[in-house]
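These notes concern the structure reproduced below.
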Amino acid sequence: MQWETVIGLEIHTQLASKSKIFSGASIAYGAEPNSQACIVDLGFPGVLPVLNEAAVDMALMFGLAVDAEIGSRSVFARKNYFYPDLPKGYQISQFELPIVGRGSLTIDLEDGQQKVIGITRAHLEEDAGKSLHEDFHGMSGIDLNRAGTPLLEIVSEPDMRSIKEAVAYARKIHQLVVYLGICDGNMQEGSFRVDANLSMRPKGQQELGTRTELKNINSFRFLERAMNFERERQIDLLESGKTVVQETRLYDADRDETRSMRSKEEANDYRYFPDPDLLPVEITEQRLAQAGERMPELPDQKKARFVTDYQLSDTDATLLTQSRQQADYYEQVVATGADPKIAANWVTVELAGALNKAGLELTDSPVSAEHLGGLLKRIADNTISGKLAKQVFEAIWQGEGDADTVIEAKGLKQITDSGQIESIIDEIIVANPKQVAQFQAGKEKLLGFFVGQVMKQTQGKANPGQVNQILLKKLKG
Amino acid sequence: MSLDRSDVEKIAHLARLALDENQVEGYAAELSNILALVEQLEAADTDNIEPMAHPLHMAQRLREDQVTEPDRRNQNQAVAPLVENGLYLVPKVIE
C-alpha cells in the first residue's frame, strides 16, 4: 500500500526578553540553581503575575511576520496539571483568544516549488522549571530558574506531507524568529523546541490517521531522524494489521528511536479556565503599529532584494540570507565597491568554508567585511591574480594585516608588464625545444605545461590572461 | 447533567484531593446541583453579549521588561522542607 505522511508541528520558542513573562526575575541562561526564581515564579501565596510588555510585542511581531489575524483582545488561561517543576499547579497559558490567530508561512521545497503551510495559532505562555533525576538520596532536585520564562508556542496545521517539508518548515520558523530578534534560536539550550505530530494514512484517503506526538528533540537532525523512525514504526504497525495508539513518545537520540512515555498522567485533561489574576490584554492599534515599525527586513524580502539589486542567482541569494549576520556582512563587502557576484562567491565559499573549518561563527570572523572588500578590490584591478588571492586571504585571516599590506609584504603583486612576461616566455621556449615541437605538431594540451612553467618562474604572479595570449602567439607564430 | 461516582473520583484525582469512599456520593450530588444551576443560566439569551473573560471592565496593565528581582534564594528556601546544592528536593519523579 502507498502511505501518505501527515505532519503538524508545535514549536516552543523562548522569547529574548530580559525578565520573565510575569515577574521581574532574570531569564539569563546558566545561572546558579534557583537564583533567578522569585516568589512569583515559585507560586508563593498572595503574589500576582504582571505581564511583560516585551513578550506581548515580540508575539505581535511574529504575528505580523506570518500575516496572522491579530485580535484586539487576548486572554490568559490556567492549564492545570501537577508536576514538581510547576509550583503553582497550573501553567499560565492561552486557550481561547490567543494573541496570534490564523496565519501562514511559505516554504521552499527541494524541487524549487513553494508550499504554503497554515499556522493555526501562536500563544504566549510561561515555561516550567527543570527536574534533575540524578541521585539526591532517592529524591529529585528542582531548579525553577526557567519557570516563568516567556514562550511563544507556534502551532501549525497538519499541512506537511513529508518529513522534508516538516524540516523545511521548522527551519523557516527558526530563521524567522532569529531574524525578528525575538528568539536566540539556540536549540541546545532549549530556546527553540520542536514537537512533531505525525500520522500515516493510505494515499488518497481524506480522513486523518491516529497520530503520535514526538517530544525531546533538540536539533533539526534529530527532528528528521525521530520522524523517520516514527514513520517506519507506524507503517509497520498498520501493515501488520495493528493500530497506532495516540500517545506522546520521547525521542532517544542515543538509540535513535522513539519510546512511549508510558505515563499515566497522559490523561490530557487540563481543565483550562481564564486566569482570574490576569485581565484581558488589549492590543491597541498603536501597539500593533509600533510592533510593525520594529520589524526588520524579513528573509524572503531580503532574498528578493538581493536577486534584483545585486543580480544574484536564487541559490546565492538564499545562501546569503540564511542568517541576518551573513546578509549584513555581505552587504558591507559590497558597500566597499566589490562586484556583487564575486563578493557572493567569496562570502559563501571561501569565507564560509574557512569559518566552518575553524569552527567559528561569522561574528567571530578574523576577516572583517572591510578586509574582504579590500582584497576583492585588488583582484578586480588586476593587482593580484585570483589564485594568489586565496594566499592573501589566508594571510589576512592569520592577522597579517589588510590586503595591500599583505601583497606588499609578500611581493605578490601581479606581473602585467608584457615585455617582462615575453622575455620569461622566450627563455622557457628555448629551454624546452621538445615540448615546443610536440605542441607545434598538434599536441595542444601542452599549453598547460607552458603556462605552468611561466607561473613557476614568476611564483604565480604573471597575469594568466596575458600569459596565454603571448604563449599562443609565440608558439604558433 | 449529573455526575456519577467515577466522574467525582476522576475530578478528585486530577485535583489531587483524597476523598473517603463515603464522601463520594455526597460530592456527586452537590456537584450535580451546581451543574443544574449552570444549566439554568444556559437558558438566558446571550446572542448579542460579548463573552466575558473577567468581571472587571479593565485591560491588563503591562510591565516594562526590566530585571527587578534580586537573588533571594536563601530567604525563599528557608521555608522549603528539603534543599540541596541550591535545588528544592521532592519525592522522586520518573518519566
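Each chain in the C-alpha cells gets a letter, A, B and so on, in the order shown; residues start at 1 in every chain, and ligands are counted from 1 in the order they appear.
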- Query: A:Ala354: which residues within 10 Å, counting only C-alpha atoms, same-chain residues fewer than 6 positions away excluded, as a ChimeraX atom specification?
  - Reply: /A:347,360,365,393-394,397
Generate the output file for the selected residues, N, CA, C and O atoms, as a compact mmCIF listing (two decimals), in the first residue's frame.
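The result, stored in again.txt:
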```
# COMPACT_ATOMS: atom_id res chain seq x y z
N VAL A 347 32.04 35.20 0.00
CA VAL A 347 31.38 35.07 1.31
C VAL A 347 30.84 33.66 1.51
O VAL A 347 31.03 33.05 2.56
N LEU A 360 34.21 28.43 13.60
CA LEU A 360 33.88 29.77 14.09
C LEU A 360 32.56 30.26 13.51
O LEU A 360 32.15 29.85 12.43
N SER A 365 34.57 36.14 12.89
CA SER A 365 35.46 36.02 11.74
C SER A 365 36.70 36.91 11.89
O SER A 365 36.59 38.10 12.15
N PHE A 393 44.14 36.00 1.28
CA PHE A 393 43.03 35.79 2.20
C PHE A 393 43.52 35.06 3.46
O PHE A 393 43.24 35.45 4.59
N GLU A 394 44.29 34.02 3.22
CA GLU A 394 44.85 33.21 4.32
C GLU A 394 45.67 34.10 5.26
O GLU A 394 45.56 34.01 6.49
N TRP A 397 43.50 36.36 7.28
CA TRP A 397 42.89 35.50 8.30
C TRP A 397 43.85 35.34 9.48
O TRP A 397 43.44 35.37 10.65
```
Can you check which residues of stretch 216-380 of chain A DSSP gives as helix (DSSP H, G or I) on the backbone and send them as a short mmCIF file (atom, residue, chain, number, x, y, z; two decimals) with C-alpha atoms, in the first residue's frame?
```
data_model
loop_
_atom_site.label_atom_id
_atom_site.label_comp_id
_atom_site.auth_asym_id
_atom_site.auth_seq_id
_atom_site.Cartn_x
_atom_site.Cartn_y
_atom_site.Cartn_z
CA PHE A 220 17.00 19.60 13.19
CA ARG A 221 18.96 16.42 12.55
CA PHE A 222 17.21 14.66 15.42
CA LEU A 223 13.87 16.04 14.24
CA GLU A 224 14.40 14.36 10.91
CA ARG A 225 15.60 11.11 12.49
CA ALA A 226 12.78 10.96 15.05
CA MET A 227 10.16 11.45 12.33
CA ASN A 228 11.82 8.85 10.08
CA PHE A 229 11.82 6.31 12.89
CA GLU A 230 8.22 7.07 13.82
CA ARG A 231 7.04 6.91 10.23
CA GLU A 232 8.54 3.43 9.79
CA ARG A 233 7.17 2.31 13.15
CA GLN A 234 3.63 3.38 12.25
CA ILE A 235 3.78 1.81 8.79
CA ASP A 236 4.97 -1.47 10.31
CA LEU A 237 2.08 -1.43 12.77
CA LEU A 238 -0.52 -0.60 10.13
CA GLU A 239 0.79 -3.12 7.60
CA LYS A 264 -0.48 7.51 33.50
CA GLU A 265 -0.60 11.29 33.59
CA GLU A 266 -1.26 11.08 29.89
CA GLU A 285 -3.85 49.83 17.03
CA GLN A 286 -0.97 51.89 18.33
CA ARG A 287 0.82 48.92 19.91
CA LEU A 288 0.39 46.88 16.78
CA ALA A 289 1.70 49.72 14.60
CA GLN A 290 4.73 50.12 16.85
CA ALA A 291 5.47 46.40 16.56
CA GLY A 292 5.27 46.83 12.79
CA GLU A 293 7.80 49.65 12.88
CA PRO A 299 14.39 36.73 4.94
CA ASP A 300 12.10 36.40 1.90
CA GLN A 301 12.08 40.15 1.27
CA LYS A 302 15.83 40.34 1.66
CA LYS A 303 16.35 37.44 -0.70
CA ALA A 304 14.13 39.02 -3.36
CA ARG A 305 16.02 42.31 -2.99
CA PHE A 306 19.39 40.57 -3.34
CA VAL A 307 18.23 38.95 -6.59
CA THR A 308 17.11 42.29 -8.06
CA ASP A 309 19.67 44.68 -6.62
CA TYR A 310 22.75 42.50 -6.94
CA ASP A 314 18.33 32.36 -6.43
CA THR A 315 20.77 29.90 -4.84
CA ASP A 316 23.29 32.56 -3.88
CA ALA A 317 20.58 34.87 -2.53
CA THR A 318 19.12 32.02 -0.47
CA LEU A 319 22.52 31.12 0.95
CA LEU A 320 23.43 34.71 1.78
CA ARG A 324 20.88 38.19 9.15
CA GLN A 325 24.56 38.41 10.13
CA GLN A 326 25.72 36.85 6.89
CA ALA A 327 23.43 39.06 4.79
CA ASP A 328 24.67 42.15 6.64
CA TYR A 329 28.29 41.08 6.23
CA TYR A 330 27.76 40.54 2.51
CA GLU A 331 26.23 43.97 2.09
CA GLN A 332 29.15 45.55 3.91
CA VAL A 333 31.54 43.84 1.48
CA VAL A 334 29.52 45.07 -1.49
CA ALA A 335 29.47 48.58 0.01
CA PRO A 340 28.28 41.67 -6.04
CA LYS A 341 28.68 38.26 -7.72
CA ILE A 342 32.34 37.86 -6.82
CA ALA A 343 31.59 39.05 -3.29
CA ALA A 344 28.78 36.46 -3.02
CA ASN A 345 31.19 33.76 -4.06
CA TRP A 346 33.84 34.77 -1.56
CA VAL A 347 31.38 35.07 1.31
CA THR A 348 29.56 31.79 0.67
CA VAL A 349 32.54 29.68 -0.45
CA GLU A 350 35.95 30.91 0.76
CA LEU A 351 34.89 32.66 3.95
CA ALA A 352 32.13 30.22 4.91
CA GLY A 353 34.49 27.32 4.25
CA ALA A 354 37.27 28.81 6.36
CA LEU A 355 34.87 29.60 9.21
CA ASN A 356 33.42 26.12 9.06
CA LYS A 357 36.88 24.55 9.12
CA ALA A 358 37.88 26.66 12.12
CA LEU A 362 30.64 34.72 11.30
CA THR A 363 30.54 37.15 14.21
CA ASP A 364 33.99 35.87 15.24
CA ALA A 369 33.95 42.78 5.71
CA GLU A 370 36.26 45.75 5.02
CA HIS A 371 39.27 43.45 4.72
CA LEU A 372 37.47 41.15 2.32
CA GLY A 373 36.29 44.15 0.32
CA GLY A 374 39.89 45.40 0.12
CA LEU A 375 41.05 42.03 -1.16
CA LEU A 376 38.34 41.87 -3.83
CA LYS A 377 39.33 45.33 -4.99
CA ARG A 378 42.87 44.10 -5.68
CA ILE A 379 41.55 41.18 -7.68
CA ALA A 380 39.30 43.48 -9.68
#
```
- For atom CA of A:Gly148 and atom CA of A:Leu9, determine how far apart the two atoms are, in Å to one decimal place.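 Atom-to-atom, atom CA of A:Gly148 to atom CA of A:Leu9, that is 22.9 Å.
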- Pull out every residue of chain B that has at least one atom within 7 Å of chain A, counting only C-alpha atoms, and report them as a list of chain:residue names. B:Ala53, B:His54, B:Met58, B:Ala59, B:Gln60, B:Leu62, B:Arg63, B:Glu64, B:Asp65, B:Gln66, B:Val67, B:Thr68, B:Glu69, B:Asp71, B:Arg72, B:Arg73, B:Gly86, B:Leu87, B:Tyr88, B:Leu89, B:Val90, B:Pro91, B:Lys92, B:Val93, B:Glu95
Store the residues picked out above, limited to N, CA, C and O atoms, as a short mmCIF file (atom, residue, chain, number, x, y, z; two decimals), in the first residue's frame.
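Listed below is the output, selection-v1.cif:
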```
data_model
loop_
_atom_site.label_atom_id
_atom_site.label_comp_id
_atom_site.auth_asym_id
_atom_site.auth_seq_id
_atom_site.Cartn_x
_atom_site.Cartn_y
_atom_site.Cartn_z
N ALA B 53 -14.30 37.49 29.91
CA ALA B 53 -13.17 36.72 30.43
C ALA B 53 -12.84 37.13 31.85
O ALA B 53 -12.11 36.46 32.56
N HIS B 54 -13.38 38.28 32.26
CA HIS B 54 -13.06 38.79 33.59
C HIS B 54 -14.18 39.76 34.00
O HIS B 54 -14.66 40.51 33.17
N MET B 58 -11.68 46.22 32.66
CA MET B 58 -10.40 46.91 32.58
C MET B 58 -9.48 46.05 31.73
O MET B 58 -9.73 44.87 31.55
N ALA B 59 -8.42 46.67 31.22
CA ALA B 59 -7.45 45.89 30.46
C ALA B 59 -6.21 45.65 31.33
O ALA B 59 -5.95 46.41 32.27
N GLN B 60 -5.50 44.60 31.00
CA GLN B 60 -4.30 44.24 31.75
C GLN B 60 -3.23 45.34 31.62
O GLN B 60 -2.95 45.79 30.51
N LEU B 62 0.56 46.46 31.58
CA LEU B 62 1.78 45.75 31.20
C LEU B 62 2.98 46.29 31.97
O LEU B 62 2.98 47.44 32.40
N ARG B 63 3.97 45.43 32.13
CA ARG B 63 5.17 45.76 32.88
C ARG B 63 6.31 46.02 31.91
O ARG B 63 6.42 45.34 30.88
N GLU B 64 7.16 46.96 32.22
CA GLU B 64 8.34 47.19 31.40
C GLU B 64 9.28 45.99 31.56
O GLU B 64 9.36 45.42 32.65
N ASP B 65 9.99 45.64 30.50
CA ASP B 65 10.87 44.47 30.56
C ASP B 65 12.19 44.83 31.26
O ASP B 65 13.18 45.12 30.62
N GLN B 66 12.16 44.80 32.58
CA GLN B 66 13.36 45.09 33.36
C GLN B 66 13.52 44.02 34.43
O GLN B 66 12.53 43.54 34.98
N VAL B 67 14.76 43.66 34.71
CA VAL B 67 15.02 42.73 35.81
C VAL B 67 14.98 43.53 37.11
O VAL B 67 15.77 44.44 37.31
N THR B 68 14.00 43.23 37.95
CA THR B 68 13.83 43.99 39.19
C THR B 68 13.98 43.12 40.42
O THR B 68 14.02 43.63 41.54
N GLU B 69 14.02 41.79 40.20
CA GLU B 69 14.08 40.89 41.35
C GLU B 69 15.51 40.44 41.62
O GLU B 69 16.13 39.81 40.78
N ASP B 71 18.45 38.18 43.71
CA ASP B 71 18.50 36.78 44.13
C ASP B 71 18.17 36.69 45.62
O ASP B 71 18.93 37.16 46.46
N ARG B 72 17.04 36.09 45.93
CA ARG B 72 16.65 35.90 47.34
C ARG B 72 16.52 34.40 47.64
O ARG B 72 15.63 33.97 48.35
N ARG B 73 17.42 33.64 47.05
CA ARG B 73 17.30 32.20 47.18
C ARG B 73 17.30 31.75 48.65
O ARG B 73 16.49 30.91 49.04
N GLY B 86 21.35 24.13 46.34
CA GLY B 86 20.50 25.15 45.74
C GLY B 86 19.23 24.61 45.12
O GLY B 86 18.38 25.37 44.64
N LEU B 87 19.07 23.29 45.09
CA LEU B 87 17.87 22.69 44.48
C LEU B 87 16.84 22.37 45.54
O LEU B 87 17.19 22.04 46.68
N TYR B 88 15.57 22.48 45.16
CA TYR B 88 14.49 22.01 46.03
C TYR B 88 14.40 20.50 45.84
O TYR B 88 14.41 20.03 44.71
N LEU B 89 14.33 19.75 46.93
CA LEU B 89 14.21 18.30 46.79
C LEU B 89 12.77 17.87 46.96
O LEU B 89 12.07 18.35 47.85
N VAL B 90 12.36 16.97 46.09
CA VAL B 90 10.97 16.46 46.13
C VAL B 90 11.02 14.94 45.97
O VAL B 90 12.03 14.40 45.49
N PRO B 91 9.95 14.25 46.35
CA PRO B 91 9.91 12.80 46.11
C PRO B 91 10.21 12.51 44.65
O PRO B 91 9.80 13.26 43.76
N LYS B 92 10.93 11.44 44.41
CA LYS B 92 11.41 11.13 43.06
C LYS B 92 10.30 11.12 42.02
O LYS B 92 9.27 10.50 42.21
N VAL B 93 10.53 11.83 40.93
CA VAL B 93 9.60 11.77 39.80
C VAL B 93 10.34 11.15 38.64
O VAL B 93 11.42 11.57 38.29
N GLU B 95 9.96 9.79 34.60
CA GLU B 95 9.12 9.77 33.41
C GLU B 95 8.95 8.35 32.94
O GLU B 95 9.91 7.62 32.86
#
```
- Query: Taking into account only C-alpha atoms, which residue in the set B:Gln40, B:Asn33, B:Arg16, B:Leu56 is nearest to B:Ser2?
  - Reply: B:Asn33
- Query: Counting only C-alpha atoms, which of A:Leu312, A:Val392, A:Leu109, A:Ile11 gets nearest to A:Cys183?
  - Reply: A:Ile11
- Nearby residues (only C-alpha atoms) at most 12 Å from B:Glu21, same-chain spacing under 5 positions excluded, as a PyMOL selection string: chain B and resi 5-6+8-9+12+26-28
Would you put the residues from that selection into a file with N, CA and C atoms, as a tab-separated table (two decimals), in the first residue's frame?
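Final output, again.tsv:
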```tsv
chain	number	residue	atom	x	y	z
B	5	ARG	N	-20.30	8.47	40.39
B	5	ARG	CA	-19.13	8.19	41.25
B	5	ARG	C	-17.80	8.33	40.49
B	6	SER	N	-17.76	7.72	39.29
B	6	SER	CA	-16.48	7.70	38.57
B	6	SER	C	-16.06	9.11	38.15
B	8	VAL	N	-16.67	11.86	39.83
B	8	VAL	CA	-16.15	12.50	41.05
B	8	VAL	C	-14.75	11.99	41.36
B	9	GLU	N	-14.57	10.68	41.22
B	9	GLU	CA	-13.25	10.10	41.51
B	9	GLU	C	-12.20	10.65	40.55
B	12	ALA	N	-11.44	14.28	41.48
B	12	ALA	CA	-10.65	14.31	42.71
B	12	ALA	C	-9.20	13.93	42.42
B	26	GLY	N	-21.95	11.96	48.29
B	26	GLY	CA	-22.36	13.30	48.70
B	26	GLY	C	-21.86	14.36	47.72
B	27	TYR	N	-20.55	14.25	47.36
B	27	TYR	CA	-19.99	15.23	46.40
B	27	TYR	C	-20.65	15.11	45.05
B	28	ALA	N	-20.97	13.87	44.64
B	28	ALA	CA	-21.62	13.70	43.33
B	28	ALA	C	-22.92	14.48	43.30
```
- Task: Find the residues near A:Arg249: any atom within 10 Å, counting only C-alpha atoms, skip ones fewer than 3 places away on the same chain, and give them as number ranges by chain.
- Result: A: 195-196, 212-216, 226, 230, 246, 252, 257-262
- Item | Nearest-residue call for A:Gln435, choices A:Met58, A:Ile173, A:Ile470, A:Leu447, using only C-alpha atoms |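 Ranking A:Met58, A:Ile173, A:Ile470, A:Leu447 by distance to A:Gln435, first place goes to A:Leu447.
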- Message: Please report the interatomic distance between atom CA of A:Thr336 and atom CA of A:Ala403 in Å with one decimal.
- Response: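 Here the two named atoms are 13.3 Å from each other.
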- Counting only C-alpha atoms, which of B:Glu39, B:Asp4, B:Glu84, B:Glu50 gets nearest to B:Val24?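 Between B:Glu39, B:Asp4, B:Glu84, B:Glu50, the residue approaching B:Val24 most closely is B:Asp4.
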- Item | Atomic separation - atom CA of A:Ile99 relative to atom CA of A:Gly46, Å |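 Separation of atom CA of A:Gly46 and atom CA of A:Ile99: 26.7 Å.
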- Item | Residue list (strand (DSSP E), DSSP) for stretch 179-331 of chain A, as a ChimeraX atom specification | /A:192-202,212-215,248-252,257-260,273-274,281-282
